[in-house]
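See below for input.pdb, which holds PDB, C-alpha atoms, pLDDT in the B column.
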ATOM      1  CA  MET A 101     107.314  91.334  76.761  1.00 51.00           C
ATOM      2  CA  SER A 102     104.017  92.723  77.910  1.00 79.00           C
ATOM      3  CA  VAL A 103     102.319  90.105  80.085  1.00 88.00           C
ATOM      4  CA  LYS A 104      99.169  92.201  79.884  1.00 92.00           C
ATOM      5  CA  HIS A 105      99.050  92.003  76.106  1.00 91.00           C
ATOM      6  CA  GLY A 106     100.153  88.379  76.066  1.00 88.00           C
ATOM      7  CA  LEU A 107      97.186  87.415  78.249  1.00 92.00           C
ATOM      8  CA  LEU A 108      94.803  89.469  76.121  1.00 92.00           C
ATOM      9  CA  ALA A 109      96.075  87.688  73.013  1.00 89.00           C
ATOM     10  CA  LEU A 110      95.539  84.275  74.588  1.00 90.00           C
ATOM     11  CA  LEU A 111      91.982  85.199  75.566  1.00 94.00           C
ATOM     12  CA  GLN A 112      91.086  85.884  71.933  1.00 89.00           C
ATOM     13  CA  ASP A 113      89.985  82.290  71.340  1.00 87.00           C
ATOM     14  CA  GLY A 114      87.748  82.082  74.407  1.00 93.00           C
ATOM     15  CA  PRO A 115      87.530  82.338  78.206  1.00 95.00           C
ATOM     16  CA  LYS A 116      90.276  80.737  80.273  1.00 95.00           C
ATOM     17  CA  TYR A 117      91.426  80.235  83.837  1.00 94.00           C
ATOM     18  CA  GLY A 118      94.681  81.779  85.015  1.00 94.00           C
ATOM     19  CA  TYR A 119      96.457  78.417  85.041  1.00 93.00           C
ATOM     20  CA  GLN A 120      95.392  77.806  81.432  1.00 94.00           C
ATOM     21  CA  LEU A 121      96.713  81.221  80.433  1.00 94.00           C
ATOM     22  CA  ARG A 122     100.026  80.554  82.149  1.00 93.00           C
ATOM     23  CA  ALA A 123     100.422  77.164  80.442  1.00 90.00           C
ATOM     24  CA  GLU A 124      99.494  78.543  77.009  1.00 87.00           C
ATOM     25  CA  PHE A 125     101.800  81.552  77.421  1.00 86.00           C
ATOM     26  CA  GLU A 126     104.729  79.318  78.314  1.00 83.00           C
ATOM     27  CA  ALA A 127     103.911  76.917  75.471  1.00 80.00           C
ATOM     28  CA  ALA A 128     103.760  79.768  72.958  1.00 77.00           C
ATOM     29  CA  THR A 129     107.101  81.170  74.102  1.00 75.00           C
ATOM     30  CA  GLY A 130     108.787  77.838  74.736  1.00 70.00           C
ATOM     31  CA  ALA A 131     108.958  78.737  78.446  1.00 71.00           C
ATOM     32  CA  THR A 132     111.491  81.412  77.532  1.00 72.00           C
ATOM     33  CA  TRP A 133     109.595  83.876  79.708  1.00 75.00           C
ATOM     34  CA  PRO A 134     108.189  81.772  82.545  1.00 79.00           C
ATOM     35  CA  LEU A 135     105.287  83.353  84.387  1.00 85.00           C
ATOM     36  CA  ASN A 136     104.601  83.105  88.071  1.00 90.00           C
ATOM     37  CA  ILE A 137     100.926  82.218  88.589  1.00 92.00           C
ATOM     38  CA  GLY A 138     100.655  85.136  91.019  1.00 92.00           C
ATOM     39  CA  GLN A 139     101.780  87.450  88.221  1.00 93.00           C
ATOM     40  CA  VAL A 140      99.089  86.027  85.950  1.00 94.00           C
ATOM     41  CA  TYR A 141      96.314  86.570  88.499  1.00 94.00           C
ATOM     42  CA  SER A 142      97.504  90.046  89.524  1.00 95.00           C
ATOM     43  CA  THR A 143      97.640  91.032  85.843  1.00 95.00           C
ATOM     44  CA  LEU A 144      94.155  89.605  85.303  1.00 96.00           C
ATOM     45  CA  ALA A 145      92.891  91.619  88.285  1.00 95.00           C
ATOM     46  CA  ARG A 146      94.306  94.840  86.771  1.00 96.00           C
ATOM     47  CA  LEU A 147      92.881  93.966  83.348  1.00 97.00           C
ATOM     48  CA  ASP A 148      89.490  93.351  84.978  1.00 96.00           C
ATOM     49  CA  ARG A 149      89.718  96.634  86.905  1.00 96.00           C
ATOM     50  CA  ASP A 150      90.560  98.478  83.667  1.00 97.00           C
ATOM     51  CA  GLY A 151      87.661  96.863  81.780  1.00 97.00           C
ATOM     52  CA  LEU A 152      89.887  94.941  79.366  1.00 97.00           C
ATOM     53  CA  VAL A 153      88.737  91.519  80.596  1.00 97.00           C
ATOM     54  CA  GLU A 154      85.838  90.377  82.688  1.00 96.00           C
ATOM     55  CA  SER A 155      85.666  87.634  85.248  1.00 93.00           C
ATOM     56  CA  LEU A 156      83.093  84.951  84.623  1.00 89.00           C
ATOM     57  CA  GLY A 157      82.735  84.149  88.310  1.00 72.00           C
ATOM     58  CA  ALA A 158      79.114  83.037  88.153  1.00 54.00           C
ATOM     59  CA  ALA A 159      78.192  79.718  89.706  1.00 46.00           C
ATOM     60  CA  GLY A 160      79.233  76.817  87.529  1.00 48.00           C
ATOM     61  CA  ASP A 161      81.860  78.893  85.747  1.00 53.00           C
ATOM     62  CA  GLU A 162      84.595  78.367  88.328  1.00 53.00           C
ATOM     63  CA  ASP A 163      87.020  75.489  88.644  1.00 52.00           C
ATOM     64  CA  ASP A 164      87.280  73.259  91.721  1.00 52.00           C
ATOM     65  CA  GLY A 165      89.573  75.782  93.392  1.00 61.00           C
ATOM     66  CA  GLY A 166      86.997  78.555  93.039  1.00 66.00           C
ATOM     67  CA  ARG A 167      89.042  80.311  90.356  1.00 75.00           C
ATOM     68  CA  SER A 168      87.144  82.254  87.744  1.00 88.00           C
ATOM     69  CA  ARG A 169      87.550  82.116  84.020  1.00 94.00           C
ATOM     70  CA  TYR A 170      88.236  85.388  82.227  1.00 96.00           C
ATOM     71  CA  ARG A 171      87.231  86.642  78.819  1.00 96.00           C
ATOM     72  CA  ILE A 172      88.414  89.591  76.788  1.00 95.00           C
ATOM     73  CA  THR A 173      86.065  92.573  76.436  1.00 97.00           C
ATOM     74  CA  ASP A 174      85.577  94.836  73.416  1.00 96.00           C
ATOM     75  CA  ALA A 175      87.881  97.366  75.097  1.00 97.00           C
ATOM     76  CA  GLY A 176      90.446  94.584  75.578  1.00 94.00           C
ATOM     77  CA  GLN A 177      90.234  93.647  71.911  1.00 92.00           C
ATOM     78  CA  ALA A 178      90.794  97.290  70.941  1.00 94.00           C
ATOM     79  CA  GLU A 179      93.798  97.458  73.300  1.00 92.00           C
ATOM     80  CA  LEU A 180      95.225  94.265  71.782  1.00 89.00           C
ATOM     81  CA  ARG A 181      94.765  95.542  68.207  1.00 88.00           C
ATOM     82  CA  GLY A 182      96.535  98.758  69.194  1.00 90.00           C
ATOM     83  CA  TRP A 183      99.425  96.779  70.675  1.00 87.00           C
ATOM     84  CA  PHE A 184      99.758  94.623  67.562  1.00 85.00           C
ATOM     85  CA  ASP A 185      99.631  97.748  65.359  1.00 83.00           C
ATOM     86  CA  THR A 186     102.300  99.666  67.305  1.00 81.00           C
ATOM     87  CA  PRO A 187     105.985  98.896  66.655  1.00 72.00           C
ATOM     88  CA  VAL A 188     108.118  98.229  69.721  1.00 71.00           C
ATOM     89  CA  ALA A 189     110.498 101.157  70.233  1.00 70.00           C
ATOM     90  CA  ARG A 190     114.103 100.345  71.064  1.00 67.00           C
ATOM     91  CA  GLY A 191     113.811 102.610  74.115  1.00 64.00           C
ATOM     92  CA  ASP A 192     110.890 100.571  75.447  1.00 59.00           C
ATOM     93  CA  ARG A 193     113.019  97.478  75.910  1.00 59.00           C
ATOM     94  CA  PRO A 194     114.787  96.701  79.174  1.00 65.00           C
ATOM     95  CA  ARG A 195     118.213  98.182  79.771  1.00 66.00           C
ATOM     96  CA  ASP A 196     121.045  96.187  78.266  1.00 75.00           C
ATOM     97  CA  GLU A 197     122.979  94.928  81.277  1.00 76.00           C
ATOM     98  CA  LEU A 198     125.922  93.813  79.166  1.00 85.00           C
ATOM     99  CA  ALA A 199     126.395  97.241  77.552  1.00 85.00           C
ATOM    100  CA  ILE A 200     126.199  98.882  80.973  1.00 77.00           C
ATOM    101  CA  LYS A 201     128.642  96.332  82.427  1.00 84.00           C
ATOM    102  CA  LEU A 202     131.211  96.977  79.683  1.00 83.00           C
ATOM    103  CA  ALA A 203     130.812 100.757  79.913  1.00 80.00           C
ATOM    104  CA  LEU A 204     131.431 100.595  83.643  1.00 77.00           C
ATOM    105  CA  ALA A 205     134.327  98.150  83.234  1.00 81.00           C
ATOM    106  CA  VAL A 206     136.044 100.618  80.886  1.00 81.00           C
ATOM    107  CA  ALA A 207     135.540 103.341  83.482  1.00 73.00           C
ATOM    108  CA  VAL A 208     137.099 101.347  86.346  1.00 73.00           C
ATOM    109  CA  PRO A 209     140.912 101.394  86.254  1.00 78.00           C
ATOM    110  CA  GLY A 210     142.569  97.986  86.344  1.00 81.00           C
ATOM    111  CA  THR A 211     139.543  96.085  85.034  1.00 83.00           C
ATOM    112  CA  ASP A 212     140.251  93.338  82.505  1.00 88.00           C
ATOM    113  CA  VAL A 213     137.695  94.555  79.967  1.00 88.00           C
ATOM    114  CA  ARG A 214     138.968  92.300  77.196  1.00 90.00           C
ATOM    115  CA  GLY A 215     138.660  89.328  79.561  1.00 89.00           C
ATOM    116  CA  ILE A 216     135.058  90.292  80.254  1.00 92.00           C
ATOM    117  CA  VAL A 217     134.401  90.481  76.515  1.00 93.00           C
ATOM    118  CA  GLN A 218     136.024  87.092  75.886  1.00 93.00           C
ATOM    119  CA  ARG A 219     134.127  85.370  78.716  1.00 93.00           C
ATOM    120  CA  GLN A 220     130.865  86.864  77.486  1.00 94.00           C
ATOM    121  CA  ARG A 221     131.576  85.780  73.912  1.00 94.00           C
ATOM    122  CA  THR A 222     132.217  82.205  75.109  1.00 94.00           C
ATOM    123  CA  ALA A 223     128.960  82.184  77.098  1.00 94.00           C
ATOM    124  CA  THR A 224     126.995  83.682  74.202  1.00 94.00           C
ATOM    125  CA  MET A 225     128.439  81.153  71.738  1.00 95.00           C
ATOM    126  CA  ARG A 226     127.460  78.337  74.108  1.00 95.00           C
ATOM    127  CA  SER A 227     123.941  79.767  74.328  1.00 93.00           C
ATOM    128  CA  LEU A 228     123.807  80.096  70.536  1.00 95.00           C
ATOM    129  CA  GLN A 229     124.705  76.410  70.168  1.00 96.00           C
ATOM    130  CA  GLU A 230     121.955  75.439  72.631  1.00 94.00           C
ATOM    131  CA  LEU A 231     119.403  77.599  70.826  1.00 93.00           C
ATOM    132  CA  THR A 232     120.384  76.108  67.470  1.00 94.00           C
ATOM    133  CA  THR A 233     119.848  72.630  68.918  1.00 93.00           C
ATOM    134  CA  LEU A 234     116.413  73.688  70.211  1.00 90.00           C
ATOM    135  CA  LYS A 235     115.519  75.018  66.769  1.00 92.00           C
ATOM    136  CA  ARG A 236     116.699  71.855  65.057  1.00 91.00           C
ATOM    137  CA  ASN A 237     114.598  69.718  67.426  1.00 89.00           C
ATOM    138  CA  ALA A 238     111.439  71.841  67.123  1.00 85.00           C
ATOM    139  CA  GLY A 239     108.575  70.600  65.023  1.00 83.00           C
ATOM    140  CA  ALA A 240     107.930  72.421  61.767  1.00 81.00           C
ATOM    141  CA  ASP A 241     104.348  73.114  62.859  1.00 84.00           C
ATOM    142  CA  ASP A 242     105.454  74.844  66.087  1.00 85.00           C
ATOM    143  CA  VAL A 243     105.611  78.271  64.449  1.00 89.00           C
ATOM    144  CA  SER A 244     105.154  80.356  67.619  1.00 86.00           C
ATOM    145  CA  TRP A 245     108.076  78.636  69.359  1.00 85.00           C
ATOM    146  CA  LEU A 246     110.226  78.861  66.215  1.00 90.00           C
ATOM    147  CA  LEU A 247     109.609  82.617  66.038  1.00 91.00           C
ATOM    148  CA  VAL A 248     110.786  82.993  69.636  1.00 90.00           C
ATOM    149  CA  VAL A 249     113.837  80.753  69.327  1.00 92.00           C
ATOM    150  CA  GLU A 250     114.914  82.348  66.048  1.00 94.00           C
ATOM    151  CA  SER A 251     114.602  85.804  67.630  1.00 93.00           C
ATOM    152  CA  MET A 252     116.892  84.608  70.395  1.00 93.00           C
ATOM    153  CA  ILE A 253     119.330  83.152  67.849  1.00 96.00           C
ATOM    154  CA  PHE A 254     119.470  86.431  65.910  1.00 96.00           C
ATOM    155  CA  ALA A 255     119.978  88.369  69.166  1.00 93.00           C
ATOM    156  CA  ALA A 256     122.823  86.051  70.213  1.00 95.00           C
ATOM    157  CA  GLU A 257     124.463  86.367  66.782  1.00 97.00           C
ATOM    158  CA  ALA A 258     124.186  90.150  67.000  1.00 95.00           C
ATOM    159  CA  GLU A 259     125.705  90.079  70.488  1.00 94.00           C
ATOM    160  CA  VAL A 260     128.698  88.092  69.217  1.00 96.00           C
ATOM    161  CA  ARG A 261     129.205  90.625  66.399  1.00 96.00           C
ATOM    162  CA  TRP A 262     128.934  93.490  68.891  1.00 95.00           C
ATOM    163  CA  LEU A 263     131.432  91.822  71.235  1.00 94.00           C
ATOM    164  CA  ASP A 264     133.838  91.432  68.292  1.00 95.00           C
ATOM    165  CA  HIS A 265     133.393  95.151  67.614  1.00 95.00           C
ATOM    166  CA  CYS A 266     134.012  95.986  71.296  1.00 92.00           C
ATOM    167  CA  GLU A 267     137.211  93.976  71.314  1.00 92.00           C
ATOM    168  CA  SER A 268     138.411  95.680  68.109  1.00 92.00           C
ATOM    169  CA  MET A 269     137.617  99.061  69.597  1.00 91.00           C
ATOM    170  CA  LEU A 270     139.576  98.215  72.737  1.00 87.00           C
ATOM    171  CA  VAL A 271     142.560  97.091  70.643  1.00 88.00           C
ATOM    172  CA  ARG A 272     142.435 100.296  68.574  1.00 88.00           C
ATOM    173  CA  ALA A 273     142.251 102.308  71.785  1.00 82.00           C
ATOM    174  CA  GLY A 274     145.304 100.492  73.104  1.00 76.00           C
ATOM    175  CA  ALA A 275     143.373  99.368  76.154  1.00 57.00           C
ATOM    176  CA  THR A 276     145.094  96.558  77.963  1.00 52.00           C
ATOM    177  CA  PRO A 277     143.576  94.981  81.039  1.00 48.00           C
ATOM    178  CA  THR A 278     145.267  97.489  83.354  1.00 46.00           C
ATOM    179  CA  SER A 279     146.333 100.336  81.052  1.00 41.00           C
ATOM    180  CA  GLY A 280     145.370 103.953  81.309  1.00 43.00           C
ATOM    181  CA  GLU A 281     142.770 105.830  83.227  1.00 46.00           C
ATOM    182  CA  PRO A 282     139.217 105.625  81.877  1.00 45.00           C
ATOM    183  CA  ALA A 283     139.364 109.122  80.417  1.00 43.00           C
ATOM    184  CA  GLU A 284     142.613 108.369  78.554  1.00 47.00           C
ATOM    185  CA  ARG A 285     141.188 105.148  77.115  1.00 42.00           C
ATOM    186  CA  ALA A 286     137.975 106.864  76.070  1.00 43.00           C
ATOM    187  CA  ASP A 287     139.881 109.733  74.454  1.00 46.00           C
ATOM    188  CA  ARG A 288     142.145 107.343  72.514  1.00 44.00           C
ATOM    189  CA  ALA A 289     139.110 105.370  71.360  1.00 45.00           C
ATOM    190  CA  GLY A 290     137.344 108.516  70.253  1.00 44.00           C
ATOM    191  CA  VAL A 291     134.532 107.766  72.658  1.00 43.00           C
ATOM    192  CA  ARG A 292     132.374 110.732  73.576  1.00 39.00           C
ATOM    193  CA  ARG A 293     131.589 111.153  77.251  1.00 31.00           C
TER
END

Would you mind writing the file's structure down as structure tokens?
Amino acid sequence: MSVKHGLLALLQDGPKYGYQLRAEFEAATGATWPLNIGQVYSTLARLDRDGLVESLGAAGDEDDGGRSRYRITDAGQAELRGWFDTPVARGDRPRDELAIKLALAVAVPGTDVRGIVQRQRTATMRSLQELTTLKRNAGADDVSWLLVVESMIFAAEAEVRWLDHCESMLVRAGATPTSGEPAERADRAGVRR
């Protein structure tokens, strides 16, 4: 998630203080991606420096703590439109720690890879149940939160399917928790190195 673009989007309906932006961001995402207030203000400072927002620091436009409100500029609106118009590339997303963990587990002799898969599946299923409960308890008019929670549900379901595939691949490869060297297991599985 681009905090930069998230803040620009929230500024579309008018000037706001950093604390307002943080609260609205967390409300829109159901606090799935909590923001540190320092991150909000450092991002606002960069956006201001780059001409995408401007600080309204004039007298009477600050809160009691001396914090300025910010508003989006024309350049910021153009940047936001460009972000909305550009699909998110798979390569632009953070590295998948689970895929890396399993790849390394297969490469380390004596690692119980199937145990790792089973523990992860249990944890993911538990998370899926919690997300389903959140969705069920959400109000029908809370569309932004429902979009986020349903994305997380679909991702968890996909992870369970992928874990099932991993386990099947390990079984086909004849990988037992302590069998074979990594190269032998990879060769039996038809995995390219």

Quiz prompt | For atom CA of Asp174 of chain A and atom CA of Pro187 of chain A, the interatomic separation in Å (one decimal) | solution =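 So the answer is 21.9 Å.
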
Self-check item: Close residues, Thr173 of chain A itself excluded, 8 Å, only C-alpha atoms, min 5 positions apart in chain, as a PyMOL selection string
Solution: chain A and resi 151-154

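Between atom CA of Tyr119 of chain A and atom CA of Val248 of chain A the interatomic distance comes to 21.5 Å.
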
Self-check item: Distance of atom CA of Gln218 of chain A from atom CA of Ala273 of chain A, expressed in Å to one decimal place
Solution: 16.9 Å

Practice problem: Select, counting only C-alpha atoms, all protein, DNA and RNA residues no farther than 8 Å from (91.5, 88.8, 73.7) in file coordinates, and express the selection as a list of chain:residue names. | Solution: A:Leu107, A:Leu108, A:Ala109, A:Leu110, A:Leu111, A:Gln112, A:Asp113, A:Gly114, A:Val153, A:Arg171, A:Ile172, A:Thr173, A:Gly176, A:Gln177, A:Leu180

Carefully work through the PyMOL selection byres ((chain A and resi 202) around 10) for this structure and note down the residues it includes, as a compact mmCIF listing (two decimals) with C-alpha atoms, in the coordinates of the input.
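Contents of selection19.txt, freshly written:
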# COMPACT_ATOMS: atom_id res chain seq x y z
CA GLU A 197 122.98 94.93 81.28
CA LEU A 198 125.92 93.81 79.17
CA ALA A 199 126.40 97.24 77.55
CA ILE A 200 126.20 98.88 80.97
CA LYS A 201 128.64 96.33 82.43
CA ALA A 203 130.81 100.76 79.91
CA LEU A 204 131.43 100.60 83.64
CA ALA A 205 134.33 98.15 83.23
CA VAL A 206 136.04 100.62 80.89
CA ALA A 207 135.54 103.34 83.48
CA VAL A 208 137.10 101.35 86.35
CA THR A 211 139.54 96.08 85.03
CA VAL A 213 137.70 94.56 79.97
CA ARG A 214 138.97 92.30 77.20
CA ILE A 216 135.06 90.29 80.25
CA VAL A 217 134.40 90.48 76.52
CA LEU A 263 131.43 91.82 71.24
CA CYS A 266 134.01 95.99 71.30

Exercise. Please write the residues picked by the PyMOL selection byres ((chain A and resi 224) around 12) on this file as a list in words.
Key: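 This file gives the following for the PyMOL selection byres ((chain A and resi 224) around 12): Leu198, Val217, Gln218, Arg219, Gln220, Arg221, Thr222, Ala223, Met225, Arg226, Ser227, Leu228, Gln229, Glu230, Leu231, Met252, Ile253, Phe254, Ala255, Ala256, Glu257, Ala258, Glu259, Val260, Arg261, Trp262, Leu263 and Asp264 of chain A.
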
Export of the given selection (C-alpha atoms) as a compact mmCIF listing (two decimals), in the frame of the given file:
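Final output, again_31.txt:
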# COMPACT_ATOMS: atom_id res chain seq x y z
CA LEU A 198 125.92 93.81 79.17
CA VAL A 217 134.40 90.48 76.52
CA GLN A 218 136.02 87.09 75.89
CA ARG A 219 134.13 85.37 78.72
CA GLN A 220 130.86 86.86 77.49
CA ARG A 221 131.58 85.78 73.91
CA THR A 222 132.22 82.20 75.11
CA ALA A 223 128.96 82.18 77.10
CA MET A 225 128.44 81.15 71.74
CA ARG A 226 127.46 78.34 74.11
CA SER A 227 123.94 79.77 74.33
CA LEU A 228 123.81 80.10 70.54
CA GLN A 229 124.70 76.41 70.17
CA GLU A 230 121.96 75.44 72.63
CA LEU A 231 119.40 77.60 70.83
CA MET A 252 116.89 84.61 70.40
CA ILE A 253 119.33 83.15 67.85
CA PHE A 254 119.47 86.43 65.91
CA ALA A 255 119.98 88.37 69.17
CA ALA A 256 122.82 86.05 70.21
CA GLU A 257 124.46 86.37 66.78
CA ALA A 258 124.19 90.15 67.00
CA GLU A 259 125.70 90.08 70.49
CA VAL A 260 128.70 88.09 69.22
CA ARG A 261 129.21 90.62 66.40
CA TRP A 262 128.93 93.49 68.89
CA LEU A 263 131.43 91.82 71.24
CA ASP A 264 133.84 91.43 68.29

Quiz item: Between A:Ile137, A:Ala178, A:Leu247, A:Leu121, which has the minimum distance to Leu234 of chain A (counting all atoms listed in the file)?
Solution: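 Looking only at the distances to Leu234 of chain A, the closest residue turns out to be A:Leu247.
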
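With all atoms listed in the file as the atoms that count, the residue of A:Trp133, A:Trp245, A:Gly182, A:Ala128 with the shortest distance to Val103 of chain A is A:Trp133.
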
Exercise. Could you state which residues are captured by the PyMOL selection byres ((chain A and resi 155) around 6) in this file, as a ChimeraX atom specification?
Key: /A:154,156-157,169-170

Quiz prompt | Option closest in space to Pro115 of chain A, from A:Ser102, A:Ser142, A:Ser168, A:Thr129 [counting only C-alpha atoms] | solution =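 Checking each candidate against Pro115 of chain A, we get A:Ser168 as the closest.
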